[in-house]
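Visitor: Here's a structure for you.
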Amino acid sequence: MTMNSPSKGSQILDGVEYTYSSQWIHQLEGEEHWRSYWHQLGFLLPHLKKEDRILEIGPGSGFLRNYLTAKGYQVTTLDIDEAKSPDIVANIVTYEFPDVYDHILAFEVFEHIPYEKFLEVLARVRTSVRKSLFLSIPSNHRIWVHAELVLPLIKHVTFSLKTKRHRLVASNHFWELAYRGHTEKKLLGDIRAAGFQAVSKKKVKTLRFFRIEPQGSSS
């Protein structure tokens, strides 16, 4: 591992450079990021039990881990960046996942590794998760207008005007949905090929949330 500064680092594996930074976790995050935590928790909490073992990949600022721990859940964290104080310091590209967890959380993580490596990780995770793998992937769109309305007799209505981008904006992203053939249909097909089944999904602006289970799971 080569540290460029106390807040930035990179790791090169098989000629691929993986970059990361902890600088942002020491600043007040934007409102949009806080909203993403709310959506993450709303998506996963109905499926958790206090006795479940949970692995969070990419803990970031630690908000999700801290919230779940405060509510009595058992959470282990994994990250490539030691500065984020994870329980396990490792790159998921090579990590073998020796332990078994009830749930694994990977929100906005897998776009940070090449797609073919993501599929390899899925194959390894398959035998290390009992119940659910929760993940979110960004969609490569720009939102021009977004409105959320609460109307009588209708709980929630959202409307977005968006266009597809022609390039990835985040320099540390290798892929996103709606970019160079990475469609949701292809993603779900590759998830099935890796031995999982998608049991629920959710769309929030440019994020796509998925809850997938090992095929044959009785959770």
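For the structure tokens, the naming scheme is as follows: chains receive sequential letters (A, B, ...) according to their order of presentation, residues are indexed from 1 within each chain, and ligands are indexed from 1 in presentation order.
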When DSSP is applied to the backbone of this structure, which of region 4-174 of chain A are assigned strand (DSSP E)? Write them out as a ChimeraX atom specification.
Guide: /A:4-5,8-13,16-21,53-57,74-79,88-89,101-107,129-138,141-151,154-164
Visitor: Could you list, as a PyMOL selection string, every residue within 8 Å of Ile25 (chain A), counting only C-alpha atoms and ignoring same-chain residues fewer than 4 positions away?
Guide: chain A and resi 29+60-61
Visitor: Just list the residues in region 37-192 of chain A DSSP gives helix (DSSP H, G or I) on the backbone, as a count of residues only.
Guide: 45
Visitor: Counting only C-alpha atoms, which residues in region 4-60 of chain A sit no more than 7 Å from region 74-84 of chain A? For each one, give the nearest pair of atoms and the distance in Å, sorted by chain then residue number, as CSV.
Guide:
```
residue,atom,partner,partner_atom,distance
A:Tyr20,CA,A:Asp81,CA,6.9
A:Ser22,CA,A:Ala83,CA,6.3
A:Asp52,CA,A:Gln74,CA,6.8
A:Arg53,CA,A:Gln74,CA,5.5
A:Ile54,CA,A:Val75,CA,4.8
A:Leu55,CA,A:Thr76,CA,4.8
A:Glu56,CA,A:Thr77,CA,4.7
A:Ile57,CA,A:Leu78,CA,4.8
A:Gly58,CA,A:Asp79,CA,5.0
A:Pro59,CA,A:Thr77,CA,6.3
A:Gly60,CA,A:Lys84,CA,6.5
```
Visitor: For Lys203 (chain A), find every residue with an atom within 12 Å (counting only C-alpha atoms), except residues of its own chain fewer than 4 positions away, and show them as a PyMOL selection string.
Guide: chain A and resi 36+39-40+43+136-139+158-160+184+207-210
Visitor: Would you save the residues from that selection as a compact mmCIF listing (two decimals), in the first residue's frame, using C-alpha atoms?
Guide:
```
# COMPACT_ATOMS: atom_id res chain seq x y z
CA SER A 36 -28.82 8.07 1.45
CA HIS A 39 -32.74 5.03 2.54
CA GLN A 40 -30.10 2.42 3.37
CA PHE A 43 -34.14 -0.81 3.03
CA SER A 136 -26.49 -0.21 -4.02
CA ILE A 137 -25.07 0.86 -7.36
CA PRO A 138 -25.22 4.36 -8.88
CA SER A 139 -26.82 4.92 -12.26
CA THR A 158 -41.65 11.37 -7.11
CA PHE A 159 -40.74 12.80 -10.49
CA SER A 160 -37.32 13.20 -12.05
CA GLU A 184 -29.98 -3.53 -14.73
CA LEU A 207 -29.10 4.99 -6.88
CA ARG A 208 -30.37 1.45 -7.33
CA PHE A 209 -30.74 -0.68 -4.18
CA PHE A 210 -30.88 -4.47 -4.32
```
Visitor: Taking into account only C-alpha atoms, which residue in the set A:Gln27, A:Gln11, A:Thr206, A:Gln197 is nearest to Ala90 (chain A)?
Guide: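 With only C-alpha atoms as the atom set, the closest residue is A:Gln11.
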Visitor: With distances taken over only C-alpha atoms, which of A:Trp175, A:Tyr115, A:Phe63, A:Tyr101 is nearest to Leu41 (chain A)?
Guide: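 The closest residue to Leu41 (chain A) is A:Phe63.
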Visitor: Please compute the CA of Ile212 (chain A)-CA of Asp102 (chain A) distance, one decimal, in Å.
Guide: 12.2 Å
Visitor: Work out how far CA of Phe107 (chain A) is from CA of His156 (chain A), in Å to one decimal.
Guide: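 We find that CA of His156 (chain A) and CA of Phe107 (chain A) lie 23.8 Å from each other.
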Visitor: Excluding His103 (chain A) and any residue of its chain fewer than 4 positions from it, enumerate the residues within 6 Å of it, using only C-alpha atoms, and give them as an MDAnalysis selection string.
Guide: chainID A and resid 54 129 131:133
Visitor: From the options A:Trp144, A:Arg65, A:Phe134, A:Tyr73, which residue's atoms come nearest to Ala198 (chain A), counting only C-alpha atoms?
Guide: A:Phe134
Visitor: Could you tell me which of A:Phe118, A:Arg130, A:Asn172, A:Phe110 comes closest to Gly9 (chain A) if we count only C-alpha atoms?
Guide: A:Asn172
Visitor: Select, from A:Tyr179, A:Phe196, A:Phe174, A:Trp24, the residue with the minimum atom-to-atom distance to Lys117 (chain A), counting only C-alpha atoms.
Guide: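 The shortest atom-to-atom distance to Lys117 (chain A) comes from A:Phe174.
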Visitor: May I ask which of the residues A:Leu161, A:Leu151, A:Leu135, A:Ile92 is the closest one to Lys202 (chain A), counting only C-alpha atoms?
Guide: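 Ranked by minimum distance to Lys202 (chain A), first place goes to A:Leu135.
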